[in-house]
Amino acid sequence: MTSKMIQKKKQGKSAIQKIPEYKMSILNRVLESEVLSKLLFYNEPKALFNPDLTEDQKQELLYSKVFPYRFVPNPIEDQDTFLTVGINGFRRNQEGFQIYDDYQAGEIYFYVFAHVDIMRTTHGVRQDLMLGELDRIFDGSTEFGMGELKLRYVNELWMHNNKFGGYSIAFTVVDFK
């Protein structure tokens, strides 16, 4: 027997290896939403009454107001609205005390926050509207992993000396190893 360990050949990509694909699909779904794109692009109270964004305008949101990671550069300098995406807690799927080695589960997080001066819109609070739209788009979605995305939790989120407020919302994804 050699000193090299024999490694079992994996079937396809694991959920962790699919994270870049998941994030790009998620970002595309966010940018396709007229509600989210308008609430991110237009800072005035009548944001949802404004014209739909062009594809170029939607793409401009990426890395200026929509980020595939939790970090937002220089948010304090801007009175704006932001949406960021993160991941957390990827692990082997476990039910009770039995661990299923063939499945991995984890959470996809959205962080939505707006400057206090632009929170109010004619349709309600900006981040509340965004939270509802994220729930509509992603809860029950079968585009990510195996089965449906399931809402895990929603938490209120305040940052930068209470100048920005919003939510963190997490959905659980389960996939084959």
# chains A, B, ... in the order shown; residues from 1 in each chain; ligands from 1
>>> select_by_dssp(residues="segment 37-110 of chain A", states="helix (DSSP H, G or I)", output="PyMOL selection string")
chain A and resi 37-41+47-49+55-61+75-77
>>> write_last_selection(atoms="N, CA, C and O atoms", output="PDB file, in the first residue's frame")
ATOM      1  N   SER A  37     -34.863  47.008  -8.308  1.00  0.00           N
ATOM      2  CA  SER A  37     -33.995  47.911  -9.067  1.00  0.00           C
ATOM      3  C   SER A  37     -34.441  49.362  -8.922  1.00  0.00           C
ATOM      4  O   SER A  37     -33.604  50.260  -8.789  1.00  0.00           O
ATOM      5  N   LYS A  38     -35.744  49.633  -8.919  1.00  0.00           N
ATOM      6  CA  LYS A  38     -36.223  51.010  -8.739  1.00  0.00           C
ATOM      7  C   LYS A  38     -35.929  51.527  -7.338  1.00  0.00           C
ATOM      8  O   LYS A  38     -35.515  52.676  -7.169  1.00  0.00           O
ATOM      9  N   LEU A  39     -36.144  50.696  -6.322  1.00  0.00           N
ATOM     10  CA  LEU A  39     -35.889  51.135  -4.949  1.00  0.00           C
ATOM     11  C   LEU A  39     -34.404  51.376  -4.694  1.00  0.00           C
ATOM     12  O   LEU A  39     -34.036  52.199  -3.863  1.00  0.00           O
ATOM     13  N   LEU A  40     -33.560  50.682  -5.412  1.00  0.00           N
ATOM     14  CA  LEU A  40     -32.115  50.887  -5.300  1.00  0.00           C
ATOM     15  C   LEU A  40     -31.642  52.085  -6.126  1.00  0.00           C
ATOM     16  O   LEU A  40     -30.754  52.821  -5.707  1.00  0.00           O
ATOM     17  N   PHE A  41     -32.221  52.277  -7.283  1.00  0.00           N
ATOM     18  CA  PHE A  41     -31.750  53.293  -8.227  1.00  0.00           C
ATOM     19  C   PHE A  41     -32.276  54.695  -7.907  1.00  0.00           C
ATOM     20  O   PHE A  41     -31.531  55.666  -7.937  1.00  0.00           O
ATOM     21  N   ALA A  47     -40.202  56.472  -5.929  1.00  0.00           N
ATOM     22  CA  ALA A  47     -39.301  55.578  -6.667  1.00  0.00           C
ATOM     23  C   ALA A  47     -40.056  54.577  -7.539  1.00  0.00           C
ATOM     24  O   ALA A  47     -39.685  54.337  -8.684  1.00  0.00           O
ATOM     25  N   LEU A  48     -41.117  53.985  -7.004  1.00  0.00           N
ATOM     26  CA  LEU A  48     -41.827  52.948  -7.757  1.00  0.00           C
ATOM     27  C   LEU A  48     -42.684  53.505  -8.888  1.00  0.00           C
ATOM     28  O   LEU A  48     -43.159  52.745  -9.738  1.00  0.00           O
ATOM     29  N   PHE A  49     -42.896  54.824  -8.919  1.00  0.00           N
ATOM     30  CA  PHE A  49     -43.638  55.457 -10.018  1.00  0.00           C
ATOM     31  C   PHE A  49     -42.727  55.819 -11.188  1.00  0.00           C
ATOM     32  O   PHE A  49     -43.195  56.201 -12.253  1.00  0.00           O
ATOM     33  N   GLU A  55     -31.415  47.996 -19.224  1.00  0.00           N
ATOM     34  CA  GLU A  55     -30.460  46.949 -18.830  1.00  0.00           C
ATOM     35  C   GLU A  55     -29.134  47.563 -18.388  1.00  0.00           C
ATOM     36  O   GLU A  55     -28.520  47.081 -17.442  1.00  0.00           O
ATOM     37  N   ASP A  56     -28.701  48.624 -19.062  1.00  0.00           N
ATOM     38  CA  ASP A  56     -27.456  49.294 -18.669  1.00  0.00           C
ATOM     39  C   ASP A  56     -27.568  49.899 -17.269  1.00  0.00           C
ATOM     40  O   ASP A  56     -26.638  49.805 -16.465  1.00  0.00           O
ATOM     41  N   GLN A  57     -28.712  50.525 -16.969  1.00  0.00           N
ATOM     42  CA  GLN A  57     -28.915  51.104 -15.632  1.00  0.00           C
ATOM     43  C   GLN A  57     -28.920  50.015 -14.563  1.00  0.00           C
ATOM     44  O   GLN A  57     -28.360  50.204 -13.486  1.00  0.00           O
ATOM     45  N   LYS A  58     -29.535  48.883 -14.870  1.00  0.00           N
ATOM     46  CA  LYS A  58     -29.548  47.775 -13.915  1.00  0.00           C
ATOM     47  C   LYS A  58     -28.138  47.255 -13.675  1.00  0.00           C
ATOM     48  O   LYS A  58     -27.766  46.965 -12.543  1.00  0.00           O
ATOM     49  N   GLN A  59     -27.343  47.160 -14.721  1.00  0.00           N
ATOM     50  CA  GLN A  59     -25.966  46.681 -14.568  1.00  0.00           C
ATOM     51  C   GLN A  59     -25.112  47.672 -13.787  1.00  0.00           C
ATOM     52  O   GLN A  59     -24.177  47.277 -13.111  1.00  0.00           O
ATOM     53  N   GLU A  60     -25.445  48.964 -13.875  1.00  0.00           N
ATOM     54  CA  GLU A  60     -24.721  49.978 -13.108  1.00  0.00           C
ATOM     55  C   GLU A  60     -24.918  49.798 -11.598  1.00  0.00           C
ATOM     56  O   GLU A  60     -24.085  50.242 -10.807  1.00  0.00           O
ATOM     57  N   LEU A  61     -26.008  49.159 -11.210  1.00  0.00           N
ATOM     58  CA  LEU A  61     -26.263  48.915  -9.786  1.00  0.00           C
ATOM     59  C   LEU A  61     -25.253  47.937  -9.185  1.00  0.00           C
ATOM     60  O   LEU A  61     -24.929  48.021  -8.008  1.00  0.00           O
ATOM     61  N   PRO A  75     -20.165  53.572   2.629  1.00  0.00           N
ATOM     62  CA  PRO A  75     -21.610  53.837   2.657  1.00  0.00           C
ATOM     63  C   PRO A  75     -21.965  55.132   3.390  1.00  0.00           C
ATOM     64  O   PRO A  75     -22.971  55.754   3.089  1.00  0.00           O
ATOM     65  N   ILE A  76     -21.148  55.548   4.336  1.00  0.00           N
ATOM     66  CA  ILE A  76     -21.460  56.735   5.129  1.00  0.00           C
ATOM     67  C   ILE A  76     -21.422  57.995   4.263  1.00  0.00           C
ATOM     68  O   ILE A  76     -22.133  58.949   4.509  1.00  0.00           O
ATOM     69  N   GLU A  77     -20.622  57.981   3.210  1.00  0.00           N
ATOM     70  CA  GLU A  77     -20.511  59.141   2.334  1.00  0.00           C
ATOM     71  C   GLU A  77     -21.749  59.334   1.454  1.00  0.00           C
ATOM     72  O   GLU A  77     -21.963  60.409   0.921  1.00  0.00           O
TER      73      GLU A  77
END
>>> select_by_dssp(residues="chain A", states="strand (DSSP E or B)", output="JSON, numbers by chain")
{"A": [62, 66, 67, 81, 82, 83, 84, 85, 86, 87, 88, 89, 90, 91, 92, 93, 94, 95, 98, 99, 100, 101, 102, 103, 104, 105, 106, 107, 108, 109, 110, 111, 112, 113, 114, 115, 120, 121, 124, 125, 150, 151, 152, 153, 154, 155, 156, 157, 158, 159, 164, 165, 166, 167, 168, 169, 170, 171, 172, 173, 174, 175, 176]}
>>> closest_residue(among="A:Leu36, A:Val72, A:Leu27, A:Ala114", to="Trp158 of chain A", atoms="only C-alpha atoms")
A:Ala114
>>> atom_distance(atom1="atom CA of Ile16 of chain A", atom2="atom CA of Thr172 of chain A")
13.3 Å
>>> residues_around(residues="Tyr111 of chain A", least_positions_apart="2", cutoff="6 Å", atoms="only C-alpha atoms", output="number ranges by chain")
A: 83-84, 167-168
>>> write_last_selection(atoms="all heavy atoms", output="PDB file, in the first residue's frame")
ATOM      1  N   LEU A  83     -27.938  46.664  -1.192  1.00  0.00           N
ATOM      2  CA  LEU A  83     -28.318  45.265  -1.023  1.00  0.00           C
ATOM      3  C   LEU A  83     -27.052  44.447  -1.216  1.00  0.00           C
ATOM      4  O   LEU A  83     -26.379  44.590  -2.238  1.00  0.00           O
ATOM      5  CB  LEU A  83     -29.376  44.862  -2.053  1.00  0.00           C
ATOM      6  CG  LEU A  83     -29.955  43.456  -1.887  1.00  0.00           C
ATOM      7  CD1 LEU A  83     -31.400  43.443  -2.378  1.00  0.00           C
ATOM      8  CD2 LEU A  83     -29.160  42.405  -2.622  1.00  0.00           C
ATOM      9  N   THR A  84     -26.711  43.645  -0.217  1.00  0.00           N
ATOM     10  CA  THR A  84     -25.524  42.800  -0.318  1.00  0.00           C
ATOM     11  C   THR A  84     -25.923  41.349  -0.078  1.00  0.00           C
ATOM     12  O   THR A  84     -26.957  41.060   0.510  1.00  0.00           O
ATOM     13  CB  THR A  84     -24.431  43.233   0.688  1.00  0.00           C
ATOM     14  OG1 THR A  84     -24.895  43.016   2.015  1.00  0.00           O
ATOM     15  CG2 THR A  84     -24.060  44.692   0.498  1.00  0.00           C
ATOM     16  N   TYR A 167     -32.601  45.257   7.095  1.00  0.00           N
ATOM     17  CA  TYR A 167     -32.794  43.885   7.542  1.00  0.00           C
ATOM     18  C   TYR A 167     -31.678  42.979   7.039  1.00  0.00           C
ATOM     19  O   TYR A 167     -31.076  43.233   6.005  1.00  0.00           O
ATOM     20  CB  TYR A 167     -34.108  43.319   6.992  1.00  0.00           C
ATOM     21  CG  TYR A 167     -35.325  44.047   7.456  1.00  0.00           C
ATOM     22  CD1 TYR A 167     -35.935  45.002   6.650  1.00  0.00           C
ATOM     23  CD2 TYR A 167     -35.865  43.795   8.713  1.00  0.00           C
ATOM     24  CE1 TYR A 167     -37.059  45.682   7.082  1.00  0.00           C
ATOM     25  CE2 TYR A 167     -36.991  44.475   9.149  1.00  0.00           C
ATOM     26  CZ  TYR A 167     -37.579  45.411   8.330  1.00  0.00           C
ATOM     27  OH  TYR A 167     -38.688  46.086   8.765  1.00  0.00           O
ATOM     28  N   SER A 168     -31.492  41.888   7.762  1.00  0.00           N
ATOM     29  CA  SER A 168     -30.777  40.742   7.214  1.00  0.00           C
ATOM     30  C   SER A 168     -31.821  39.642   7.119  1.00  0.00           C
ATOM     31  O   SER A 168     -32.644  39.466   8.022  1.00  0.00           O
ATOM     32  CB  SER A 168     -29.596  40.329   8.088  1.00  0.00           C
ATOM     33  OG  SER A 168     -30.013  39.922   9.358  1.00  0.00           O
TER      34      SER A 168
END
>>> closest_residue(among="A:His115, A:Arg120, A:Lys163, A:Arg152", to="Asp135 of chain A", atoms="only C-alpha atoms")
A:Arg152
>>> closest_residue(among="A:Val174, A:Val35, A:Leu131, A:Leu62", to="Glu148 of chain A", atoms="only C-alpha atoms")
A:Val174
>>> closest_residue(among="A:Gly89, A:Asn43, A:Asp128, A:Arg136", to="Leu157 of chain A", atoms="only C-alpha atoms")
A:Asp128
>>> atom_distance(atom1="atom CA of Thr81 of chain A", atom2="atom CA of Leu53 of chain A")
16.0 Å
>>> residues_around(residues="Tyr69 of chain A", least_positions_apart="5", cutoff="12 Å", atoms="only C-alpha atoms", output="VMD selection string")
chain A and resid 19 to 20 23 to 24 26 to 27 62 to 63 82 to 88 108 to 111
>>> write_last_selection(atoms="C-alpha atoms", output="short mmCIF file (atom, residue, chain, number, x, y, z; two decimals), in the first residue's frame")
data_model
loop_
_atom_site.label_atom_id
_atom_site.label_comp_id
_atom_site.auth_asym_id
_atom_site.auth_seq_id
_atom_site.Cartn_x
_atom_site.Cartn_y
_atom_site.Cartn_z
CA ILE A 19 -21.32 29.34 -4.39
CA PRO A 20 -20.01 31.54 -7.27
CA LYS A 23 -24.29 34.32 -6.17
CA MET A 24 -24.38 35.26 -9.86
CA ILE A 26 -29.04 35.54 -7.14
CA LEU A 27 -27.63 38.87 -8.33
CA LEU A 62 -23.82 46.01 -9.55
CA TYR A 63 -20.83 47.02 -7.40
CA PHE A 82 -27.73 48.98 -0.60
CA LEU A 83 -28.32 45.26 -1.02
CA THR A 84 -25.52 42.80 -0.32
CA VAL A 85 -25.35 39.01 -0.48
CA GLY A 86 -23.42 36.70 1.80
CA ILE A 87 -23.24 33.04 2.70
CA ASN A 88 -22.87 31.32 6.03
CA ILE A 108 -27.83 32.62 1.66
CA TYR A 109 -28.03 36.01 3.36
CA PHE A 110 -29.32 39.30 2.06
CA TYR A 111 -28.49 42.53 3.84
#
>>> closest_residue(among="A:Val125, A:Met130, A:Val112, A:Met119", to="Asn155 of chain A", atoms="only C-alpha atoms")
A:Val112
>>> atom_distance(atom1="atom CA of Thr121 of chain A", atom2="atom CA of Tyr42 of chain A")
10.4 Å
>>> closest_residue(among="A:Ser64, A:Asn74, A:Gln104, A:Asn161", to="Val116 of chain A", atoms="only C-alpha atoms")
A:Asn161
>>> decode(residues="segment 112-127 of chain A", atoms="all heavy atoms", output="JSON list (two decimals), in the first residue's frame")
[["chain", "number", "residue", "atom", "x", "y", "z"],
["A", 112, "VAL", "N", -30.12, 44.29, 3.54],
["A", 112, "VAL", "CA", -30.78, 45.41, 2.88],
["A", 112, "VAL", "C", -30.75, 46.57, 3.84],
["A", 112, "VAL", "O", -31.22, 46.44, 4.98],
["A", 112, "VAL", "CB", -32.24, 45.04, 2.55],
["A", 112, "VAL", "CG1", -32.97, 46.22, 1.95],
["A", 112, "VAL", "CG2", -32.31, 43.84, 1.65],
["A", 113, "PHE", "N", -30.20, 47.70, 3.42],
["A", 113, "PHE", "CA", -30.22, 48.86, 4.30],
["A", 113, "PHE", "C", -30.25, 50.15, 3.50],
["A", 113, "PHE", "O", -29.72, 50.23, 2.40],
["A", 113, "PHE", "CB", -29.04, 48.83, 5.29],
["A", 113, "PHE", "CG", -27.70, 48.57, 4.70],
["A", 113, "PHE", "CD1", -26.82, 49.60, 4.47],
["A", 113, "PHE", "CD2", -27.30, 47.27, 4.40],
["A", 113, "PHE", "CE1", -25.56, 49.36, 3.95],
["A", 113, "PHE", "CE2", -26.05, 47.02, 3.88],
["A", 113, "PHE", "CZ", -25.18, 48.07, 3.64],
["A", 114, "ALA", "N", -30.94, 51.14, 4.08],
["A", 114, "ALA", "CA", -31.13, 52.44, 3.44],
["A", 114, "ALA", "C", -30.78, 53.54, 4.43],
["A", 114, "ALA", "O", -30.94, 53.36, 5.65],
["A", 114, "ALA", "CB", -32.57, 52.60, 2.98],
["A", 115, "HIS", "N", -30.33, 54.65, 3.92],
["A", 115, "HIS", "CA", -30.05, 55.82, 4.75],
["A", 115, "HIS", "C", -31.38, 56.33, 5.31],
["A", 115, "HIS", "O", -32.40, 56.32, 4.63],
["A", 115, "HIS", "CB", -29.34, 56.90, 3.93],
["A", 115, "HIS", "CG", -28.79, 57.99, 4.77],
["A", 115, "HIS", "ND1", -29.56, 59.05, 5.20],
["A", 115, "HIS", "CD2", -27.55, 58.18, 5.29],
["A", 115, "HIS", "CE1", -28.81, 59.87, 5.93],
["A", 115, "HIS", "NE2", -27.58, 59.35, 6.00],
["A", 116, "VAL", "N", -31.38, 56.80, 6.56],
["A", 116, "VAL", "CA", -32.62, 57.23, 7.21],
["A", 116, "VAL", "C", -33.33, 58.34, 6.44],
["A", 116, "VAL", "O", -34.56, 58.43, 6.48],
["A", 116, "VAL", "CB", -32.39, 57.67, 8.68],
["A", 116, "VAL", "CG1", -31.97, 56.50, 9.53],
["A", 116, "VAL", "CG2", -31.37, 58.80, 8.77],
["A", 117, "ASP", "N", -32.60, 59.17, 5.71],
["A", 117, "ASP", "CA", -33.21, 60.28, 4.98],
["A", 117, "ASP", "C", -33.99, 59.85, 3.75],
["A", 117, "ASP", "O", -34.77, 60.64, 3.21],
["A", 117, "ASP", "CB", -32.16, 61.31, 4.57],
["A", 117, "ASP", "CG", -31.56, 62.04, 5.77],
["A", 117, "ASP", "OD1", -32.17, 62.00, 6.87],
["A", 117, "ASP", "OD2", -30.48, 62.64, 5.61],
["A", 118, "ILE", "N", -33.79, 58.62, 3.27],
["A", 118, "ILE", "CA", -34.51, 58.17, 2.08],
["A", 118, "ILE", "C", -35.35, 56.92, 2.32],
["A", 118, "ILE", "O", -35.82, 56.29, 1.37],
["A", 118, "ILE", "CB", -33.55, 57.95, 0.89],
["A", 118, "ILE", "CG1", -32.51, 56.87, 1.21],
["A", 118, "ILE", "CG2", -32.90, 59.25, 0.48],
["A", 118, "ILE", "CD1", -31.70, 56.44, 0.02],
["A", 119, "MET", "N", -35.57, 56.55, 3.56],
["A", 119, "MET", "CA", -36.35, 55.35, 3.88],
["A", 119, "MET", "C", -37.81, 55.46, 3.45],
["A", 119, "MET", "O", -38.40, 54.50, 2.98],
["A", 119, "MET", "CB", -36.28, 55.06, 5.37],
["A", 119, "MET", "CG", -34.98, 54.51, 5.84],
["A", 119, "MET", "SD", -35.06, 54.18, 7.61],
["A", 119, "MET", "CE", -33.43, 53.56, 7.88],
["A", 120, "ARG", "N", -38.40, 56.64, 3.61],
["A", 120, "ARG", "CA", -39.82, 56.80, 3.36],
["A", 120, "ARG", "C", -40.11, 56.91, 1.87],
["A", 120, "ARG", "O", -39.47, 57.67, 1.15],
["A", 120, "ARG", "CB", -40.30, 58.06, 4.07],
["A", 120, "ARG", "CG", -41.78, 58.08, 4.30],
["A", 120, "ARG", "CD", -42.12, 59.15, 5.29],
["A", 120, "ARG", "NE", -42.94, 60.15, 4.62],
["A", 120, "ARG", "CZ", -43.26, 61.30, 5.12],
["A", 120, "ARG", "NH1", -42.79, 61.65, 6.30],
["A", 120, "ARG", "NH2", -44.01, 62.13, 4.47],
["A", 121, "THR", "N", -41.08, 56.12, 1.41],
["A", 121, "THR", "CA", -41.55, 56.21, 0.02],
["A", 121, "THR", "C", -43.07, 56.34, 0.05],
["A", 121, "THR", "O", -43.71, 56.15, 1.11],
["A", 121, "THR", "CB", -41.18, 54.97, -0.82],
["A", 121, "THR", "OG1", -42.01, 53.87, -0.46],
["A", 121, "THR", "CG2", -39.71, 54.60, -0.66],
["A", 122, "THR", "N", -43.65, 56.62, -1.10],
["A", 122, "THR", "CA", -45.11, 56.73, -1.19],
["A", 122, "THR", "C", -45.79, 55.37, -1.02],
["A", 122, "THR", "O", -46.99, 55.33, -0.79],
["A", 122, "THR", "CB", -45.53, 57.35, -2.53],
["A", 122, "THR", "OG1", -44.96, 56.58, -3.59],
["A", 122, "THR", "CG2", -45.07, 58.79, -2.64],
["A", 123, "HIS", "N", -45.05, 54.30, -1.12],
["A", 123, "HIS", "CA", -45.60, 52.94, -0.99],
["A", 123, "HIS", "C", -45.29, 52.30, 0.36],
["A", 123, "HIS", "O", -45.69, 51.17, 0.61],
["A", 123, "HIS", "CB", -45.06, 52.05, -2.10],
["A", 123, "HIS", "CG", -45.64, 52.36, -3.44],
["A", 123, "HIS", "ND1", -45.18, 53.39, -4.23],
["A", 123, "HIS", "CD2", -46.66, 51.79, -4.11],
["A", 123, "HIS", "CE1", -45.88, 53.43, -5.34],
["A", 123, "HIS", "NE2", -46.79, 52.47, -5.30],
["A", 124, "GLY", "N", -44.53, 52.97, 1.21],
["A", 124, "GLY", "CA", -44.14, 52.43, 2.50],
["A", 124, "GLY", "C", -42.66, 52.64, 2.74],
["A", 124, "GLY", "O", -41.99, 53.39, 2.02],
["A", 125, "VAL", "N", -42.14, 51.97, 3.73],
["A", 125, "VAL", "CA", -40.72, 52.10, 4.07],
["A", 125, "VAL", "C", -39.90, 51.30, 3.05],
["A", 125, "VAL", "O", -40.19, 50.14, 2.77],
["A", 125, "VAL", "CB", -40.46, 51.60, 5.52],
["A", 125, "VAL", "CG1", -39.00, 51.68, 5.87],
["A", 125, "VAL", "CG2", -41.32, 52.39, 6.50],
["A", 126, "ARG", "N", -38.89, 51.97, 2.51],
["A", 126, "ARG", "CA", -38.07, 51.41, 1.42],
["A", 126, "ARG", "C", -37.56, 50.00, 1.73],
["A", 126, "ARG", "O", -37.73, 49.08, 0.94],
["A", 126, "ARG", "CB", -36.89, 52.35, 1.14],
["A", 126, "ARG", "CG", -36.08, 52.01, -0.07],
["A", 126, "ARG", "CD", -35.01, 53.06, -0.34],
["A", 126, "ARG", "NE", -35.59, 54.38, -0.53],
["A", 126, "ARG", "CZ", -35.96, 54.87, -1.72],
["A", 126, "ARG", "NH1", -35.79, 54.15, -2.81],
["A", 126, "ARG", "NH2", -36.48, 56.09, -1.80],
["A", 127, "GLN", "N", -36.94, 49.83, 2.89],
["A", 127, "GLN", "CA", -36.37, 48.51, 3.18],
["A", 127, "GLN", "C", -37.44, 47.46, 3.46],
["A", 127, "GLN", "O", -37.23, 46.28, 3.22],
["A", 127, "GLN", "CB", -35.33, 48.58, 4.31],
["A", 127, "GLN", "CG", -35.85, 49.03, 5.64],
["A", 127, "GLN", "CD", -35.72, 50.52, 5.84],
["A", 127, "GLN", "OE1", -35.78, 51.30, 4.89],
["A", 127, "GLN", "NE2", -35.55, 50.94, 7.08]]
